[in-house]
Structure formats: structure tokens, C-alpha cells
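Pasted below: my_file-v9.txt, compact mmCIF, C-alpha atoms and all ligand atoms.
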# COMPACT_ATOMS: atom_id res chain seq x y z
CA MET C 207 -5.09 -16.25 4.37
CA THR C 208 -5.27 -12.93 2.53
CA LYS C 209 -2.93 -10.38 4.08
CA VAL C 210 -3.95 -6.83 5.03
CA LYS C 211 -2.21 -3.48 4.65
CA ILE C 212 -3.53 -0.36 6.35
CA CYS C 213 -2.02 2.64 4.58
CA GLY C 214 -1.53 6.31 5.43
CA LEU C 215 -0.85 6.28 9.17
CA THR C 216 0.16 9.69 10.48
CA ARG C 217 -0.30 9.72 14.28
CA LEU C 218 0.86 7.77 17.32
CA GLU C 219 -2.77 6.87 18.04
CA ASP C 220 -2.94 5.21 14.60
CA ILE C 221 0.02 3.08 15.63
CA LYS C 222 -1.67 2.14 18.92
CA ALA C 223 -4.78 1.17 16.92
CA VAL C 224 -2.94 -1.13 14.50
CA ASN C 225 -0.88 -2.66 17.32
CA GLU C 226 -4.23 -3.89 18.72
CA VAL C 227 -5.41 -5.58 15.53
CA LEU C 228 -2.10 -6.50 13.87
CA PRO C 229 -2.44 -6.04 10.12
CA ASP C 230 0.42 -7.60 8.14
CA TYR C 231 1.60 -4.25 6.77
CA VAL C 232 1.11 -0.55 7.44
CA GLY C 233 2.00 2.25 5.03
CA PHE C 234 3.72 5.59 5.58
CA VAL C 235 3.13 7.98 2.68
CA PHE C 236 6.19 10.06 1.75
CA ALA C 237 4.57 11.43 -1.41
CA ASN C 238 2.53 14.57 -1.92
CA SER C 239 -0.71 13.81 -0.05
CA ARG C 240 -2.76 14.92 2.93
CA ARG C 241 -1.37 11.73 4.52
CA LYS C 242 2.27 12.66 3.92
CA VAL C 243 4.63 12.18 6.87
CA SER C 244 8.18 13.44 7.32
CA LEU C 245 11.10 11.10 7.86
CA GLU C 246 11.26 12.24 11.52
CA THR C 247 7.58 11.42 12.11
CA ALA C 248 7.96 8.05 10.41
CA ILE C 249 10.97 7.22 12.63
CA GLU C 250 8.87 7.97 15.73
CA LEU C 251 5.88 5.95 14.43
CA LYS C 252 8.07 2.99 13.47
CA LYS C 253 9.70 2.95 16.93
CA ASN C 254 6.26 2.38 18.44
CA LEU C 255 5.02 -0.13 15.85
CA ASN C 256 4.67 -3.80 16.85
CA SER C 257 7.64 -5.57 15.24
CA PHE C 258 5.36 -8.20 13.64
CA ILE C 259 3.92 -5.49 11.37
CA LYS C 260 5.97 -4.56 8.29
CA ALA C 261 6.25 -0.86 7.49
CA VAL C 262 5.82 0.06 3.82
CA GLY C 263 7.15 3.38 2.51
CA VAL C 264 4.93 4.82 -0.23
CA PHE C 265 6.82 6.93 -2.80
CA VAL C 266 5.85 8.70 -6.03
CA ASN C 267 8.73 9.36 -8.45
CA GLU C 268 11.11 9.95 -5.52
CA GLU C 269 14.87 10.31 -5.97
CA PRO C 270 16.26 6.76 -5.51
CA GLU C 271 18.92 8.17 -3.16
CA ASN C 272 16.20 9.28 -0.72
CA ILE C 273 14.58 5.84 -0.73
CA ILE C 274 17.97 4.25 -0.11
CA ARG C 275 18.50 6.65 2.82
CA PHE C 276 15.07 5.87 4.33
CA CYS C 277 15.79 2.13 4.14
CA LYS C 278 19.20 2.55 5.74
CA GLU C 279 17.50 4.46 8.61
CA GLN C 280 15.42 1.27 9.05
CA VAL C 281 12.17 3.25 8.93
CA ILE C 282 10.69 1.03 6.26
CA ASP C 283 10.83 -2.66 5.52
CA VAL C 284 9.13 -2.64 2.12
CA ILE C 285 9.17 -0.07 -0.72
CA GLN C 286 5.96 0.86 -2.57
CA LEU C 287 6.53 2.74 -5.83
CA HIS C 288 3.27 4.46 -6.72
CA GLY C 289 4.43 6.68 -9.60
CA ASP C 290 5.87 6.26 -13.09
CA GLU C 291 8.99 4.35 -12.02
CA LYS C 292 10.46 2.16 -14.76
CA GLU C 293 12.68 -0.93 -14.95
CA GLU C 294 16.05 0.88 -14.62
CA TYR C 295 14.80 2.71 -11.54
CA ILE C 296 13.74 -0.52 -9.84
CA LEU C 297 17.01 -2.23 -10.80
CA LYS C 298 18.96 0.65 -9.27
CA LEU C 299 17.12 0.20 -5.95
CA LYS C 300 17.66 -3.57 -6.13
CA GLN C 301 21.37 -2.98 -6.62
CA TYR C 302 21.64 -1.21 -3.24
CA LEU C 303 18.80 -2.66 -1.16
CA GLY C 304 17.42 -6.07 -0.21
CA ASN C 305 13.94 -4.71 0.65
CA ASP C 306 10.90 -6.10 -1.15
CA ILE C 307 9.52 -3.75 -3.80
CA ILE C 308 5.84 -3.28 -4.65
CA LYS C 309 5.10 -1.51 -7.95
CA ALA C 310 1.69 0.12 -8.25
CA VAL C 311 -0.28 -0.05 -11.49
CA ARG C 312 -3.16 2.38 -11.96
CA VAL C 313 -5.40 0.14 -14.01
CA LYS C 314 -7.10 1.56 -17.11
CA GLU C 315 -7.28 -1.64 -19.11
CA ALA C 316 -6.51 -5.34 -18.60
CA ALA C 317 -3.24 -5.18 -20.60
CA ASP C 318 -1.77 -2.71 -18.06
CA ILE C 319 -1.64 -5.42 -15.41
CA ASN C 320 0.66 -8.05 -16.86
CA LYS C 321 2.80 -5.41 -18.58
CA GLU C 322 3.70 -4.01 -15.15
CA ALA C 323 3.95 -7.48 -13.60
CA ARG C 324 6.96 -8.11 -15.89
CA LEU C 325 8.94 -5.40 -14.05
CA PRO C 326 11.68 -6.67 -11.69
CA CYS C 327 9.58 -6.02 -8.56
CA ASP C 328 8.45 -8.53 -5.93
CA TYR C 329 4.76 -7.63 -6.01
CA ILE C 330 2.46 -5.45 -8.02
CA LEU C 331 -0.32 -3.35 -6.57
CA LEU C 332 -3.50 -2.81 -8.57
CA ASP C 333 -5.11 0.57 -7.92
CA THR C 334 -7.70 2.78 -9.55
CA TYR C 335 -6.66 5.09 -12.39
CA ARG C 336 -7.72 8.65 -11.72
CA GLU C 337 -6.45 11.57 -13.83
CA GLY C 338 -4.07 13.80 -11.87
CA GLN C 339 -3.98 11.62 -8.74
CA TYR C 340 -1.44 8.93 -7.98
CA GLY C 341 -3.24 7.13 -5.14
CA GLY C 342 -5.52 7.22 -2.15
CA SER C 343 -8.51 7.92 -4.42
CA GLY C 344 -11.05 5.96 -2.37
CA THR C 345 -12.53 4.70 -5.65
CA VAL C 346 -12.97 1.13 -6.88
CA PHE C 347 -11.87 0.11 -10.40
CA ASN C 348 -13.40 -2.59 -12.58
CA TRP C 349 -12.23 -5.84 -10.95
CA ASN C 350 -13.39 -7.77 -14.04
CA LEU C 351 -10.15 -6.54 -15.68
CA ILE C 352 -8.12 -8.79 -13.34
CA SER C 353 -7.30 -12.30 -14.54
CA ASN C 354 -4.25 -14.59 -14.35
CA VAL C 355 -1.90 -12.05 -12.80
CA SER C 356 1.64 -13.40 -13.10
CA LYS C 357 2.82 -12.03 -9.71
CA PRO C 358 1.30 -11.91 -6.23
CA PHE C 359 -0.61 -8.66 -6.05
CA PHE C 360 -1.96 -6.12 -3.58
CA LEU C 361 -5.50 -4.96 -4.36
CA ALA C 362 -6.22 -1.29 -3.59
CA GLY C 363 -8.69 1.42 -4.49
CA GLY C 364 -11.86 2.13 -2.57
CA ILE C 365 -11.89 -1.02 -0.46
CA TYR C 366 -13.78 -0.92 2.85
CA SER C 367 -15.55 -3.39 5.13
CA GLY C 368 -18.64 -3.37 2.88
CA ASN C 369 -16.88 -4.66 -0.27
CA VAL C 370 -13.81 -6.44 1.11
CA LEU C 371 -15.31 -9.93 1.09
CA GLN C 372 -16.37 -9.54 -2.53
CA ALA C 373 -12.85 -8.25 -3.35
CA VAL C 374 -11.20 -11.31 -1.78
CA LYS C 375 -13.63 -13.76 -3.39
CA GLN C 376 -13.55 -12.26 -6.86
CA CYS C 377 -9.89 -11.19 -7.17
CA ASN C 378 -7.98 -13.51 -4.80
CA PRO C 379 -5.23 -10.96 -4.01
CA TYR C 380 -2.12 -11.67 -1.93
CA CYS C 381 -2.98 -8.62 0.17
CA ILE C 382 -5.85 -6.15 0.56
CA ASP C 383 -4.63 -2.54 0.81
CA VAL C 384 -6.88 0.10 2.38
CA SER C 385 -6.55 3.75 3.23
CA SER C 386 -9.65 5.97 2.71
CA GLY C 387 -12.03 3.12 3.58
CA VAL C 388 -10.85 2.96 7.21
CA GLU C 389 -11.01 6.70 7.85
CA THR C 390 -13.58 9.00 9.45
CA ASP C 391 -13.18 12.74 8.85
CA HIS C 392 -9.78 12.05 7.20
CA PHE C 393 -8.31 10.19 10.20
CA LYS C 394 -7.85 6.47 10.74
CA ASP C 395 -10.73 4.91 12.66
CA LEU C 396 -9.95 1.87 14.85
CA GLY C 397 -13.55 0.60 14.64
CA LYS C 398 -13.40 0.52 10.83
CA ILE C 399 -9.94 -1.08 10.81
CA ARG C 400 -11.06 -3.77 13.25
CA ASP C 401 -14.21 -4.49 11.27
CA LEU C 402 -12.28 -4.86 8.01
CA ILE C 403 -9.59 -7.12 9.49
CA GLN C 404 -12.14 -9.33 11.25
CA LYS C 405 -14.00 -9.81 7.98
CA ILE C 406 -10.84 -10.83 6.09
CA ARG C 407 -9.65 -13.18 8.83
CA ARG C 408 -12.98 -14.97 9.03
CA THR C 409 -12.72 -16.01 5.35
O1 LIG C 501 -2.80 7.50 0.38
C1 LIG C 501 -2.36 8.42 -0.31
O2 LIG C 501 -2.63 9.59 -0.05
C2 LIG C 501 -1.46 8.11 -1.48
C3 LIG C 501 -0.85 9.16 -2.13
C4 LIG C 501 -0.02 8.92 -3.21
C5 LIG C 501 0.19 7.62 -3.65
C6 LIG C 501 -0.43 6.57 -3.01
C7 LIG C 501 -1.26 6.78 -1.93
N1 LIG C 501 -1.91 5.74 -1.27
C8 LIG C 501 -2.19 4.48 -1.85
O3 LIG C 501 -3.40 4.54 -2.60
C9 LIG C 501 -4.00 3.26 -2.63
C10 LIG C 501 -5.52 3.31 -2.51
O4 LIG C 501 -6.00 3.98 -1.43
P1 LIG C 501 -7.60 4.09 -1.08
O5 LIG C 501 -7.91 2.93 -0.16
O6 LIG C 501 -8.39 4.07 -2.33
O7 LIG C 501 -7.68 5.38 -0.36
C11 LIG C 501 -3.29 2.43 -1.56
O8 LIG C 501 -2.41 1.55 -2.24
C12 LIG C 501 -2.44 3.41 -0.82
O9 LIG C 501 -1.20 2.81 -0.47

Here is a file; write its structure as C-alpha cells.
Ligand SMILES: O=C(O)c1ccccc1N[C@@H]1O[C@H](COP(=O)(O)O)[C@@H](O)[C@H]1O
Amino acid sequence: MTKVKICGLTRLEDIKAVNEVLPDYVGFVFANSRRKVSLETAIELKKNLNSFIKAVGVFVNEEPENIIRFCKEQVIDVIQLHGDEKEEYILKLKQYLGNDIIKAVRVKEAADINKEARLPCDYILLDTYREGQYGGSGTVFNWNLISNVSKPFFLAGGIYSGNVLQAVKQCNPYCIDVSSGVETDHFKDLGKIRDLIQKIRRT
């Protein structure tokens, strides 16, 4: 079954919401964003998170030493690199950490996808390219650009309960990744999260 990641949790009530519906992953954004959380907040959120849910740390061009520190604090289980990180950067993290690594690709053209899939990461994440913004755009990209991806991939960018079934059917991702599409007035909305997860799990 297609897995689900709910990204950009910031409050204890978000944690209570996901504990009810058990997505496979949740994301804590440590990059510049209105969803950014501090290490201290993330520690508190993770303490209250159901242990079946994996916590993903979302970073953009972060110092590797900080990522290593966050992993050692056991705040995150999986690392999501959503910036311009290259092969040497990923290899450096791999040298010190056993955590799975997801590398985001902001897709402009089909060739971008398998170029990034050759990086020494465990998964890639396909997201919308938007000038001047690394992620959380709430915008869909052209899914027709996806074909024969050589690694399991997360599909992100503007997914919500109204297009998630089409996304699963057309793209067959390993995991659906959603942030803006399960928010109301910039905060996570349990009704929207529940609706999305129910739709995926009925497929
Ligand atoms: O969510 C953010 O604010 C964010 C900031 C910087 C990098 C990545 C970010 N989130 C990731 O963006 C995608 C798509 O989100 P959306 O559903 O279109 O809002 C997702 O992978 C988030 O992990």
C-alpha cells in the first residue's frame, strides 16, 4: 500500500491528530519556512509521537554537523535534504549516520529525475520547481514527466484529498507527501488529514 507522510507539524495538537490516524511518516521542518521548528520544539513533539510513526527532519543546505547532532539527539529517524545537496554531502552524512536519506528533486524536466536518483540516497522525493522557494509550495507539477524512476520515490507538491487518488494511480509513488493540502488557515487540519489517509488506504 502507498505510504503517507504528513509534513510540517509544529504543535502538540498536530501530534495528537496524527497519533489518531497513524501516517507512516511525519515531517519536522528545520529550514527557513513558516513551518520551521526549533530543535527543542521537535524534541517535545517527538516525545509525544506514536512510536510507529517515523519522524523525518527536513533540511535545506544545512551544515552536516547540525544534521548529525539532530540524529544523535534521536529527534529524527529519517533525513530529508530539500536543497542543493550534492553527492559528497550525502556521502559525508552516510559516513556518520545509519538513517535513511531522502533527496528532494524540484522537477523542471524529466531528465532531472533520474539524474538525482543516481545520488547515494535511499529515496528521492519529487516536488514542484518554483523559483526562489525550496518546498511547501502547495503547487502540483506535471506528473507526465515521471516515468521509470530508478529508486522508490516520495511524491510531493500540491497534493490534497481531491487529487491524491489520481496521484497514486498515475505515478505509483512509494509514499505520498503532503503539507499545504492538509492545512486550514496555515495550521494542520485533522479532518483533512483523515480524509486524505482514508482515501489512500482504501486503494
Ligand atoms: O513545508 C515547508 O515549508 C518546506 C520548506 C522548505 C523545504 C521543504 C518544505 N516542505 C516540503 O515541501 C513539499 C511539498 O509541500 P506541499 O504539500 O506542496 O505544501 C513536501 O515534501 C514538504 O516536505

Distance atom CA of Val313 of chain C-atom CA of Ile330 of chain C, one decimal place?
->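 Between atom CA of Val313 of chain C and atom CA of Ile330 of chain C the gap is 11.4 Å.
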
Residue among C:Asn320, C:Asn378, C:Thr390, C:Ser385 lying closest to ligand LIG 501 (chain C), counting all atoms listed in the file | C:Ser385

Exercise answer, 10 Å around ligand LIG 501 (chain C) with all atoms listed in the file, as a PyMOL selection string = chain C and resi 211-215+232-242+262-267+286-289+308-312+331-334+339-347+360-366+382-389

Pick out the residues sitting within 9 Å of segment 219-230 of chain C, and hand them over as a PyMOL selection string; count all atoms listed in the file, and ignore anything fewer than 5 positions along from it in its own chain.
-> chain C and resi 209-212+251-252+254-256+258-261+381+393-396+399-400+403-404

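Taking atom CA of Lys298 of chain C and atom CA of Ile352 of chain C as the two end points, the separation is 29.0 Å.
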
Between atom CA of Lys314 of chain C and atom CA of Asp290 of chain C, measure the distance and give it in Å to one decimal.
-> 14.4 Å

With distances taken over all atoms listed in the file, which of C:Leu303, C:Ala248, C:Ile296, C:Ala373 is nearest to Arg324 of chain C?
->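 Counting all atoms listed in the file, the residue closest to Arg324 of chain C is C:Ile296.
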
Of the candidates C:Leu325, C:Ile307, C:His392, C:Glu279, which one gets nearest to Thr216 of chain C if we count only C-alpha atoms?
->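 Of all the options, C:His392 lies closest to Thr216 of chain C.
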
Using all atoms listed in the file, find the one residue out of C:Asp328, C:Glu293, C:Glu337, C:Asp401 that sits nearest to Pro358 of chain C.
->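 For Pro358 of chain C, the nearest of the candidates is C:Asp328.
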
Option closest in space to Pro326 of chain C, from C:Thr409, C:Gln372, C:Gln301, C:Asn350 [counting all atoms listed in the file] | C:Gln301
